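Next up, query_38.pdb (PDB, C-alpha atoms):
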```
MODEL        1
ATOM      1  CA  MET E1312     -53.363 -82.048  16.492
ATOM      2  CA  GLY E1313     -51.671 -83.003  13.238
ATOM      3  CA  MET E1314     -50.779 -79.536  11.896
ATOM      4  CA  PHE E1315     -47.372 -80.906  10.827
ATOM      5  CA  LYS E1316     -48.427 -84.416   9.890
ATOM      6  CA  ASN E1317     -46.075 -85.846   7.250
ATOM      7  CA  LYS E1318     -43.669 -82.916   7.656
ATOM      8  CA  ASN E1319     -40.003 -83.716   8.262
ATOM      9  CA  ILE E1320     -38.190 -81.523  10.776
ATOM     10  CA  PHE E1321     -34.413 -81.214  11.215
ATOM     11  CA  ILE E1322     -33.538 -79.744  14.629
ATOM     12  CA  THR E1323     -30.088 -78.929  15.973
ATOM     13  CA  GLY E1324     -29.376 -78.692  19.699
ATOM     14  CA  ALA E1325     -32.230 -81.082  20.448
ATOM     15  CA  ALA E1326     -30.732 -82.692  23.569
ATOM     16  CA  GLY E1327     -32.466 -80.404  26.050
ATOM     17  CA  GLY E1328     -33.827 -76.968  26.878
ATOM     18  CA  ILE E1329     -35.361 -75.042  24.003
ATOM     19  CA  GLY E1330     -34.459 -77.723  21.446
ATOM     20  CA  ARG E1331     -36.262 -80.449  23.333
ATOM     21  CA  ALA E1332     -39.323 -78.242  23.856
ATOM     22  CA  ILE E1333     -39.445 -77.466  20.124
ATOM     23  CA  SER E1334     -39.117 -81.164  19.310
ATOM     24  CA  ILE E1335     -41.946 -82.118  21.661
ATOM     25  CA  ALA E1336     -44.203 -79.394  20.248
ATOM     26  CA  PHE E1337     -43.628 -80.636  16.696
ATOM     27  CA  ALA E1338     -44.153 -84.255  17.764
ATOM     28  CA  LYS E1339     -47.525 -83.377  19.288
ATOM     29  CA  GLU E1340     -48.510 -82.023  15.878
ATOM     30  CA  GLY E1341     -47.593 -85.229  14.064
ATOM     31  CA  ALA E1342     -44.224 -84.240  12.594
ATOM     32  CA  LYS E1343     -41.414 -86.670  11.823
ATOM     33  CA  ILE E1344     -38.301 -85.435  13.553
ATOM     34  CA  ALA E1345     -34.540 -85.713  13.076
ATOM     35  CA  LEU E1346     -32.963 -84.848  16.426
ATOM     36  CA  THR E1347     -29.333 -83.736  16.292
ATOM     37  CA  ASP E1348     -26.908 -82.736  19.022
ATOM     38  CA  LEU E1349     -23.378 -83.256  20.301
ATOM     39  CA  ASP E1350     -24.717 -84.348  23.710
ATOM     40  CA  GLU E1351     -25.303 -88.063  23.202
ATOM     41  CA  LYS E1352     -26.900 -88.673  26.614
ATOM     42  CA  GLY E1353     -29.268 -85.715  26.328
ATOM     43  CA  LEU E1354     -30.143 -86.746  22.785
ATOM     44  CA  GLU E1355     -31.142 -90.186  24.021
ATOM     45  CA  GLU E1356     -33.314 -88.631  26.738
ATOM     46  CA  SER E1357     -35.056 -86.464  24.151
ATOM     47  CA  PHE E1358     -35.565 -89.512  21.952
ATOM     48  CA  LYS E1359     -37.202 -91.466  24.774
ATOM     49  CA  GLU E1360     -39.540 -88.585  25.566
ATOM     50  CA  LEU E1361     -40.568 -88.109  21.951
ATOM     51  CA  LYS E1362     -41.121 -91.813  21.282
ATOM     52  CA  SER E1363     -44.077 -91.633  23.668
ATOM     53  CA  LYS E1364     -45.708 -89.174  21.219
ATOM     54  CA  LYS E1365     -46.055 -92.009  18.698
ATOM     55  CA  THR E1366     -44.282 -90.302  15.831
ATOM     56  CA  VAL E1367     -41.188 -91.072  13.752
ATOM     57  CA  VAL E1368     -38.056 -89.888  15.564
ATOM     58  CA  LYS E1369     -34.401 -90.533  14.751
ATOM     59  CA  THR E1370     -31.262 -89.229  16.440
ATOM     60  CA  TYR E1371     -27.960 -88.136  14.930
ATOM     61  CA  LEU E1372     -24.806 -87.167  16.787
ATOM     62  CA  LEU E1373     -23.703 -83.868  15.263
ATOM     63  CA  ASP E1374     -21.063 -81.221  15.874
ATOM     64  CA  ILE E1375     -22.376 -78.325  13.795
ATOM     65  CA  THR E1376     -18.933 -76.686  13.652
ATOM     66  CA  LYS E1377     -17.480 -79.601  11.643
ATOM     67  CA  GLU E1378     -18.300 -79.206   7.949
ATOM     68  CA  GLU E1379     -17.768 -82.811   6.882
ATOM     69  CA  MET E1380     -19.856 -84.068   9.791
ATOM     70  CA  VAL E1381     -22.647 -81.629   8.908
ATOM     71  CA  LYS E1382     -22.544 -82.689   5.264
ATOM     72  CA  ALA E1383     -22.653 -86.389   6.163
ATOM     73  CA  THR E1384     -25.440 -85.947   8.723
ATOM     74  CA  VAL E1385     -27.660 -84.004   6.323
ATOM     75  CA  SER E1386     -27.132 -86.741   3.724
ATOM     76  CA  LYS E1387     -28.059 -89.418   6.272
ATOM     77  CA  VAL E1388     -31.199 -87.536   7.351
ATOM     78  CA  LEU E1389     -32.254 -87.193   3.710
ATOM     79  CA  GLU E1390     -31.633 -90.898   3.214
ATOM     80  CA  ASP E1391     -33.825 -91.697   6.227
ATOM     81  CA  PHE E1392     -36.565 -89.096   5.693
ATOM     82  CA  ALA E1393     -36.436 -88.452   1.911
ATOM     83  CA  CYS E1394     -36.732 -84.670   2.407
ATOM     84  CA  ILE E1395     -36.405 -81.902   4.973
ATOM     85  CA  ASP E1396     -39.417 -79.590   5.107
ATOM     86  CA  ILE E1397     -38.391 -77.478   8.092
ATOM     87  CA  LEU E1398     -34.956 -76.664   9.507
ATOM     88  CA  VAL E1399     -34.643 -75.319  13.042
ATOM     89  CA  ASN E1400     -31.148 -74.031  13.821
ATOM     90  CA  ASN E1401     -31.367 -74.109  17.598
ATOM     91  CA  ALA E1402     -27.927 -75.264  18.764
ATOM     92  CA  GLY E1403     -26.144 -72.567  20.696
ATOM     93  CA  VAL E1404     -23.642 -71.922  23.475
ATOM     94  CA  SER E1405     -22.687 -69.121  25.825
ATOM     95  CA  THR E1406     -19.944 -68.119  28.223
ATOM     96  CA  MET E1407     -19.667 -64.941  30.297
ATOM     97  CA  ASN E1408     -16.835 -62.513  30.873
ATOM     98  CA  TRP E1409     -15.908 -58.855  30.761
ATOM     99  CA  PHE E1410     -15.019 -58.238  27.123
ATOM    100  CA  TRP E1411     -11.486 -57.119  28.000
ATOM    101  CA  GLU E1412     -10.886 -60.396  29.781
ATOM    102  CA  LEU E1413     -12.297 -62.619  27.037
ATOM    103  CA  THR E1414      -9.905 -65.181  25.646
ATOM    104  CA  GLU E1415      -9.642 -65.928  21.956
ATOM    105  CA  GLU E1416     -10.883 -69.419  22.807
ATOM    106  CA  GLU E1417     -14.101 -68.014  24.343
ATOM    107  CA  TRP E1418     -14.694 -65.717  21.380
ATOM    108  CA  ASP E1419     -14.154 -68.502  18.842
ATOM    109  CA  PHE E1420     -16.292 -70.990  20.788
ATOM    110  CA  ASN E1421     -19.324 -68.699  20.703
ATOM    111  CA  MET E1422     -18.797 -67.617  17.104
ATOM    112  CA  ASN E1423     -18.129 -71.125  15.818
ATOM    113  CA  VAL E1424     -21.257 -72.682  17.296
ATOM    114  CA  ASN E1425     -23.753 -69.831  17.169
ATOM    115  CA  ALA E1426     -22.830 -68.217  13.848
ATOM    116  CA  LYS E1427     -20.679 -70.611  11.840
ATOM    117  CA  GLY E1428     -22.719 -73.654  12.854
ATOM    118  CA  THR E1429     -25.982 -72.030  11.796
ATOM    119  CA  TRP E1430     -24.444 -71.198   8.428
ATOM    120  CA  LEU E1431     -22.974 -74.677   7.886
ATOM    121  CA  VAL E1432     -26.169 -76.607   8.605
ATOM    122  CA  THR E1433     -28.226 -74.238   6.466
ATOM    123  CA  LYS E1434     -25.669 -74.442   3.658
ATOM    124  CA  TYR E1435     -26.124 -78.194   3.323
ATOM    125  CA  VAL E1436     -29.901 -78.352   3.865
ATOM    126  CA  VAL E1437     -30.941 -75.505   1.572
ATOM    127  CA  PRO E1438     -29.970 -77.022  -1.834
ATOM    128  CA  TYR E1439     -32.631 -79.697  -1.321
ATOM    129  CA  MET E1440     -35.220 -77.082  -0.395
ATOM    130  CA  ILE E1441     -34.282 -75.072  -3.491
ATOM    131  CA  GLU E1442     -34.729 -78.183  -5.613
ATOM    132  CA  ARG E1443     -38.250 -78.648  -4.224
ATOM    133  CA  ARG E1444     -38.889 -74.883  -4.260
ATOM    134  CA  LYS E1445     -40.277 -74.802  -0.751
ATOM    135  CA  GLY E1446     -39.189 -74.922   2.883
ATOM    136  CA  LYS E1447     -39.131 -73.154   6.208
ATOM    137  CA  ILE E1448     -36.028 -72.207   8.196
ATOM    138  CA  VAL E1449     -36.192 -70.897  11.764
ATOM    139  CA  ASN E1450     -33.000 -69.711  13.458
ATOM    140  CA  ILE E1451     -32.890 -69.325  17.228
ATOM    141  CA  ALA E1452     -31.137 -66.043  17.974
ATOM    142  CA  SER E1453     -31.579 -64.145  21.244
ATOM    143  CA  MET E1454     -32.745 -60.909  22.798
ATOM    144  CA  ALA E1455     -28.974 -60.307  22.949
ATOM    145  CA  ALA E1456     -29.085 -60.145  19.142
ATOM    146  CA  LYS E1457     -30.938 -56.837  19.433
ATOM    147  CA  ILE E1458     -29.696 -55.390  22.710
ATOM    148  CA  GLY E1459     -25.990 -55.743  23.457
ATOM    149  CA  ALA E1460     -25.788 -57.613  26.744
ATOM    150  CA  PRO E1461     -23.092 -56.799  29.330
ATOM    151  CA  LEU E1462     -20.755 -59.726  30.066
ATOM    152  CA  LEU E1463     -21.948 -61.265  26.784
ATOM    153  CA  ALA E1464     -20.198 -59.149  24.146
ATOM    154  CA  HIS E1465     -19.008 -62.236  22.252
ATOM    155  CA  TYR E1466     -22.371 -63.979  22.589
ATOM    156  CA  SER E1467     -24.230 -60.838  21.489
ATOM    157  CA  ALA E1468     -21.935 -60.503  18.490
ATOM    158  CA  SER E1469     -22.601 -64.097  17.482
ATOM    159  CA  LYS E1470     -26.368 -63.704  17.805
ATOM    160  CA  PHE E1471     -26.391 -60.362  15.941
ATOM    161  CA  ALA E1472     -24.670 -62.399  13.222
ATOM    162  CA  VAL E1473     -27.526 -64.921  13.253
ATOM    163  CA  VAL E1474     -30.104 -62.160  12.690
ATOM    164  CA  GLY E1475     -28.021 -60.617   9.901
ATOM    165  CA  PHE E1476     -27.594 -64.032   8.299
ATOM    166  CA  THR E1477     -31.345 -64.632   8.581
ATOM    167  CA  GLN E1478     -32.187 -61.383   6.798
ATOM    168  CA  ALA E1479     -29.595 -61.873   4.054
ATOM    169  CA  ILE E1480     -30.558 -65.413   3.113
ATOM    170  CA  ALA E1481     -34.277 -64.613   3.395
ATOM    171  CA  LYS E1482     -33.756 -62.351   0.387
ATOM    172  CA  GLU E1483     -31.660 -64.929  -1.455
ATOM    173  CA  LEU E1484     -34.159 -67.730  -0.890
ATOM    174  CA  ALA E1485     -37.416 -65.827  -1.416
ATOM    175  CA  PRO E1486     -37.547 -66.691  -5.160
ATOM    176  CA  TYR E1487     -37.577 -70.362  -4.171
ATOM    177  CA  ARG E1488     -40.526 -69.961  -1.767
ATOM    178  CA  ILE E1489     -38.298 -70.667   1.235
ATOM    179  CA  ASN E1490     -39.149 -68.616   4.318
ATOM    180  CA  VAL E1491     -36.355 -67.743   6.737
ATOM    181  CA  ASN E1492     -37.076 -66.196  10.120
ATOM    182  CA  ALA E1493     -35.491 -65.965  13.557
ATOM    183  CA  VAL E1494     -36.762 -66.119  17.125
ATOM    184  CA  CYS E1495     -35.198 -63.932  19.813
ATOM    185  CA  PRO E1496     -35.922 -65.384  23.266
ATOM    186  CA  GLY E1497     -35.472 -63.320  26.417
ATOM    187  CA  PHE E1498     -34.410 -64.712  29.797
ATOM    188  CA  VAL E1499     -35.155 -68.402  29.203
ATOM    189  CA  ARG E1500     -35.202 -70.786  32.158
ATOM    190  CA  THR E1501     -32.836 -73.543  31.001
ATOM    191  CA  SER E1502     -29.662 -75.230  32.211
ATOM    192  CA  MET E1503     -27.765 -72.597  30.222
ATOM    193  CA  GLN E1504     -29.427 -69.881  32.287
ATOM    194  CA  GLU E1505     -28.461 -71.650  35.514
ATOM    195  CA  ARG E1506     -24.821 -71.516  34.437
ATOM    196  CA  GLU E1507     -25.124 -67.881  33.398
ATOM    197  CA  ILE E1508     -26.655 -66.896  36.742
ATOM    198  CA  ALA E1509     -23.707 -68.436  38.578
ATOM    199  CA  TRP E1510     -21.211 -66.758  36.233
ATOM    200  CA  GLU E1511     -22.867 -63.344  36.486
ATOM    201  CA  ALA E1512     -23.094 -63.495  40.268
ATOM    202  CA  LYS E1513     -19.371 -64.233  40.443
ATOM    203  CA  LEU E1514     -18.393 -61.552  37.921
ATOM    204  CA  GLN E1515     -20.624 -58.925  39.567
ATOM    205  CA  ASN E1516     -19.630 -59.930  43.126
ATOM    206  CA  ILE E1517     -23.232 -60.791  44.002
ATOM    207  CA  GLU E1518     -23.294 -63.062  47.027
ATOM    208  CA  GLU E1519     -26.696 -64.653  46.333
ATOM    209  CA  PRO E1520     -26.998 -65.906  42.726
ATOM    210  CA  GLU E1521     -30.787 -66.002  43.057
ATOM    211  CA  LYS E1522     -30.732 -62.201  43.064
ATOM    212  CA  VAL E1523     -29.539 -62.356  39.456
ATOM    213  CA  ARG E1524     -32.635 -64.334  38.504
ATOM    214  CA  GLU E1525     -34.794 -61.833  40.370
ATOM    215  CA  GLU E1526     -33.216 -59.043  38.333
ATOM    216  CA  TYR E1527     -34.023 -60.897  35.097
ATOM    217  CA  ILE E1528     -37.661 -61.037  36.151
ATOM    218  CA  LYS E1529     -37.647 -57.335  37.092
ATOM    219  CA  GLN E1530     -36.425 -56.522  33.584
ATOM    220  CA  THR E1531     -39.340 -58.469  32.085
ATOM    221  CA  PRO E1532     -42.598 -56.434  32.003
ATOM    222  CA  LEU E1533     -44.777 -59.558  31.953
ATOM    223  CA  GLY E1534     -43.224 -60.502  35.281
ATOM    224  CA  ARG E1535     -41.797 -63.966  34.747
ATOM    225  CA  LEU E1536     -38.992 -65.803  33.019
ATOM    226  CA  CYS E1537     -39.424 -67.112  29.491
ATOM    227  CA  TYR E1538     -39.900 -70.878  29.251
ATOM    228  CA  PRO E1539     -38.704 -73.140  26.430
ATOM    229  CA  GLU E1540     -42.332 -73.854  25.581
ATOM    230  CA  ASP E1541     -42.910 -70.132  24.914
ATOM    231  CA  VAL E1542     -40.183 -70.245  22.291
ATOM    232  CA  ALA E1543     -41.487 -73.503  20.820
ATOM    233  CA  LYS E1544     -44.917 -72.002  20.156
ATOM    234  CA  THR E1545     -43.392 -69.221  18.079
ATOM    235  CA  VAL E1546     -41.165 -71.646  16.176
ATOM    236  CA  LEU E1547     -44.217 -73.710  15.236
ATOM    237  CA  PHE E1548     -46.061 -70.601  14.086
ATOM    238  CA  LEU E1549     -43.148 -69.520  11.870
ATOM    239  CA  SER E1550     -42.953 -73.061  10.487
ATOM    240  CA  SER E1551     -46.654 -73.172   9.649
ATOM    241  CA  GLU E1552     -48.682 -72.015   6.663
ATOM    242  CA  ASP E1553     -49.937 -69.136   8.828
ATOM    243  CA  ALA E1554     -46.476 -67.544   8.402
ATOM    244  CA  ASP E1555     -46.217 -68.045   4.629
ATOM    245  CA  PHE E1556     -45.961 -64.286   4.046
ATOM    246  CA  MET E1557     -43.316 -63.713   6.704
ATOM    247  CA  THR E1558     -39.609 -63.831   5.956
ATOM    248  CA  GLY E1559     -36.484 -62.105   7.261
ATOM    249  CA  GLN E1560     -38.124 -61.407  10.608
ATOM    250  CA  ALA E1561     -36.592 -61.678  14.095
ATOM    251  CA  ILE E1562     -39.485 -62.227  16.483
ATOM    252  CA  ASN E1563     -39.029 -61.393  20.175
ATOM    253  CA  VAL E1564     -40.277 -63.876  22.755
ATOM    254  CA  SER E1565     -39.115 -61.919  25.775
ATOM    255  CA  GLY E1566     -42.145 -60.919  27.810
ATOM    256  CA  GLY E1567     -41.437 -57.325  26.859
ATOM    257  CA  ALA E1568     -37.808 -57.298  28.024
ATOM    258  CA  CYS E1569     -36.927 -56.409  24.441
ATOM    259  CA  MET E1570     -39.324 -54.372  22.306
ATOM    260  CA  CYS E1571     -37.114 -53.459  19.358
TER     261      CYS E1571
ENDMDL
END
```

Can you turn what I pasted into structure tokens?
Amino acid sequence: MGMFKNKNIFITGAAGGIGRAISIAFAKEGAKIALTDLDEKGLEESFKELKSKKTVVKTYLLDITKEEMVKATVSKVLEDFACIDILVNNAGVSTMNWFWELTEEEWDFNMNVNAKGTWLVTKYVVPYMIERRKGKIVNIASMAAKIGAPLLAHYSASKFAVVGFTQAIAKELAPYRINVNAVCPGFVRTSMQEREIAWEAKLQNIEEPEKVREEYIKQTPLGRLCYPEDVAKTVLFLSSEDADFMTGQAINVSGGACMC
């Protein structure tokens, strides 16, 4: 308890799923947390849950694809918290389709949120970390950032971009003692997965969507789905002093579904 006491955390996509689990894990360790998301209702639910942890929590409505909004939100968080010690770029989206049937809208939606959004938020947070010559950045990528996933060509491309971005800026920021790493979750049980199961069943002409989930588990050597809390534990490790000599890494949290 208290491993992140007096640390200020900026988290995107904090309205539910992995983002909420990460927020709760940090709150349990005494961190002060800036929750950001475009989902106002989910953000409020996360806020209520974290307030019970008796830590400082503030919420900010944020569309990470809008540069001026990102710039203004980072400024507001710095005004409220004085500094940002740890940035977790968690916000992400997905859709599913055969690549030859993808629309330009689908492609841009995934790229804008998953890749461009990660870049924009980092762009406006990092100058303050450079000034202080310290900081931790954790980007949430995906197993699909290492293994191209069928029906997710656009999503895979966007998450490969996140890993490439992570490695590139890890080298740029190393002289400033800023660590940059990524987490690559496997088949995570979230509301996003529920949507993906329905989409995949339809696209693959599978009558019972639950069979898709069963296939995910079969592909996972440890024999179960990944949970948001599994991802949160790794994020906290990468954000801690225990990971001070790690940078540019993309850590799998996939139960063995991805080993590369």

Determine the residue set returned by the PyMOL selection byres ((chain E and resi 1329-1331) around 8) for the present structure, and present it as a list in words.
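Those residues are Ile1322, Thr1323, Gly1324, Ala1325, Ala1326, Gly1327, Gly1328, Ala1332, Ile1333, Ser1334, Ile1335, Ser1357, Asn1401, Ala1402, Thr1501, Pro1539, Glu1540, Val1542 and Ala1543 of chain E.
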
With all atoms listed in the file as the counted atoms, please give the residues lying no more than 9 Å from stretch 1488-1494 of chain E, apart from itself and same-chain residues fewer than 4 positions off, as a ChimeraX atom specification.
/E:1437,1440-1441,1444-1454,1473-1474,1477-1478,1480-1482,1484,1542,1545-1546,1549-1550,1554-1564

d(atom CA of E:Ala1336, atom CA of E:Phe1315) in Å
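Answer for the atom CA of E:Ala1336 to atom CA of E:Phe1315 separation: 10.1 Å.
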
Neighbour list for stretch 1338-1352 of chain E as a count of residues only, cut-off 8 Å, all atoms listed in the file, skip fewer than 4 positions in-chain
31

Taking only C-alpha atoms into account, which of E:Ile1458, E:Leu1463, E:Leu1431, E:Met1503 comes nearest E:Leu1413?
E:Leu1463

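Compared by their closest atoms to E:Ala1509, and using only C-alpha atoms, the residues E:Val1523, E:Asp1391, E:Ser1405, E:Ala1460 rank with E:Val1523 nearest.
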
What would stretch 1353-1364 of chain E look like with all heavy atoms restored, written as a CSV table (one decimal), in the coordinates of the input?
```csv
chain,number,residue,atom,x,y,z
E,1353,GLY,N,-28.1,-86.6,26.4
E,1353,GLY,CA,-29.3,-85.7,26.3
E,1353,GLY,C,-30.1,-86.0,25.1
E,1353,GLY,O,-31.3,-86.0,25.2
E,1354,LEU,N,-29.5,-86.4,24.0
E,1354,LEU,CA,-30.1,-86.7,22.8
E,1354,LEU,C,-31.0,-88.0,23.0
E,1354,LEU,O,-32.1,-88.1,22.6
E,1354,LEU,CB,-29.1,-87.0,21.7
E,1354,LEU,CG,-29.6,-86.9,20.2
E,1354,LEU,CD1,-30.2,-85.5,19.9
E,1354,LEU,CD2,-28.4,-87.1,19.3
E,1355,GLU,N,-30.4,-88.9,23.7
E,1355,GLU,CA,-31.1,-90.2,24.0
E,1355,GLU,C,-32.3,-89.9,24.9
E,1355,GLU,O,-33.4,-90.5,24.7
E,1355,GLU,CB,-30.2,-91.2,24.7
E,1355,GLU,CG,-30.8,-92.5,25.0
E,1355,GLU,CD,-31.3,-93.3,23.7
E,1355,GLU,OE1,-30.8,-93.0,22.7
E,1355,GLU,OE2,-32.3,-94.0,23.9
E,1356,GLU,N,-32.2,-89.0,25.9
E,1356,GLU,CA,-33.3,-88.6,26.7
E,1356,GLU,C,-34.4,-88.0,25.9
E,1356,GLU,O,-35.6,-88.2,26.2
E,1356,GLU,CB,-32.8,-87.7,27.9
E,1356,GLU,CG,-31.9,-88.4,28.9
E,1356,GLU,CD,-31.3,-87.4,29.9
E,1356,GLU,OE1,-31.5,-86.2,29.7
E,1356,GLU,OE2,-30.6,-87.9,30.8
E,1357,SER,N,-34.1,-87.1,25.0
E,1357,SER,CA,-35.1,-86.5,24.2
E,1357,SER,C,-35.8,-87.5,23.3
E,1357,SER,O,-37.0,-87.5,23.1
E,1357,SER,CB,-34.4,-85.4,23.2
E,1357,SER,OG,-34.0,-84.3,24.0
E,1358,PHE,N,-35.0,-88.5,22.8
E,1358,PHE,CA,-35.6,-89.5,22.0
E,1358,PHE,C,-36.6,-90.3,22.7
E,1358,PHE,O,-37.7,-90.6,22.2
E,1358,PHE,CB,-34.5,-90.4,21.5
E,1358,PHE,CG,-34.9,-91.6,20.7
E,1358,PHE,CD1,-35.3,-91.5,19.4
E,1358,PHE,CD2,-35.0,-92.9,21.3
E,1358,PHE,CE1,-35.8,-92.6,18.7
E,1358,PHE,CE2,-35.5,-94.0,20.6
E,1358,PHE,CZ,-35.9,-93.9,19.3
E,1359,LYS,N,-36.3,-90.7,24.0
E,1359,LYS,CA,-37.2,-91.5,24.8
E,1359,LYS,C,-38.5,-90.7,25.0
E,1359,LYS,O,-39.6,-91.3,25.0
E,1359,LYS,CB,-36.5,-91.9,26.1
E,1359,LYS,CG,-35.4,-92.9,26.0
E,1359,LYS,CD,-34.8,-93.2,27.3
E,1359,LYS,CE,-33.7,-94.2,27.2
E,1359,LYS,NZ,-33.0,-94.5,28.5
E,1360,GLU,N,-38.4,-89.4,25.3
E,1360,GLU,CA,-39.5,-88.6,25.6
E,1360,GLU,C,-40.4,-88.4,24.3
E,1360,GLU,O,-41.6,-88.5,24.4
E,1360,GLU,CB,-39.1,-87.2,26.1
E,1360,GLU,CG,-40.3,-86.4,26.6
E,1360,GLU,CD,-39.9,-85.3,27.5
E,1360,GLU,OE1,-38.7,-85.1,27.8
E,1360,GLU,OE2,-40.8,-84.5,27.9
E,1361,LEU,N,-39.8,-88.3,23.2
E,1361,LEU,CA,-40.6,-88.1,22.0
E,1361,LEU,C,-41.2,-89.4,21.5
E,1361,LEU,O,-42.2,-89.4,20.8
E,1361,LEU,CB,-39.7,-87.5,20.9
E,1361,LEU,CG,-39.8,-86.0,20.7
E,1361,LEU,CD1,-39.2,-85.3,21.9
E,1361,LEU,CD2,-39.2,-85.5,19.5
E,1362,LYS,N,-40.6,-90.5,21.7
E,1362,LYS,CA,-41.1,-91.8,21.3
E,1362,LYS,C,-42.5,-92.0,21.9
E,1362,LYS,O,-43.4,-92.7,21.3
E,1362,LYS,CB,-40.2,-93.0,21.7
E,1362,LYS,CG,-39.0,-93.1,20.8
E,1362,LYS,CD,-39.3,-93.4,19.3
E,1362,LYS,CE,-39.9,-94.8,19.1
E,1362,LYS,NZ,-40.2,-95.0,17.7
E,1363,SER,N,-42.8,-91.5,23.0
E,1363,SER,CA,-44.1,-91.6,23.7
E,1363,SER,C,-45.2,-90.9,22.9
E,1363,SER,O,-46.4,-91.1,23.1
E,1363,SER,CB,-44.0,-91.2,25.1
E,1363,SER,OG,-43.8,-89.7,25.2
E,1364,LYS,N,-44.7,-90.0,22.0
E,1364,LYS,CA,-45.7,-89.2,21.2
E,1364,LYS,C,-46.2,-89.9,20.0
E,1364,LYS,O,-47.0,-89.4,19.2
E,1364,LYS,CB,-45.1,-87.8,20.8
E,1364,LYS,CG,-44.5,-87.0,21.9
E,1364,LYS,CD,-45.5,-86.7,23.0
E,1364,LYS,CE,-44.8,-85.9,24.2
E,1364,LYS,NZ,-45.6,-85.7,25.3
```
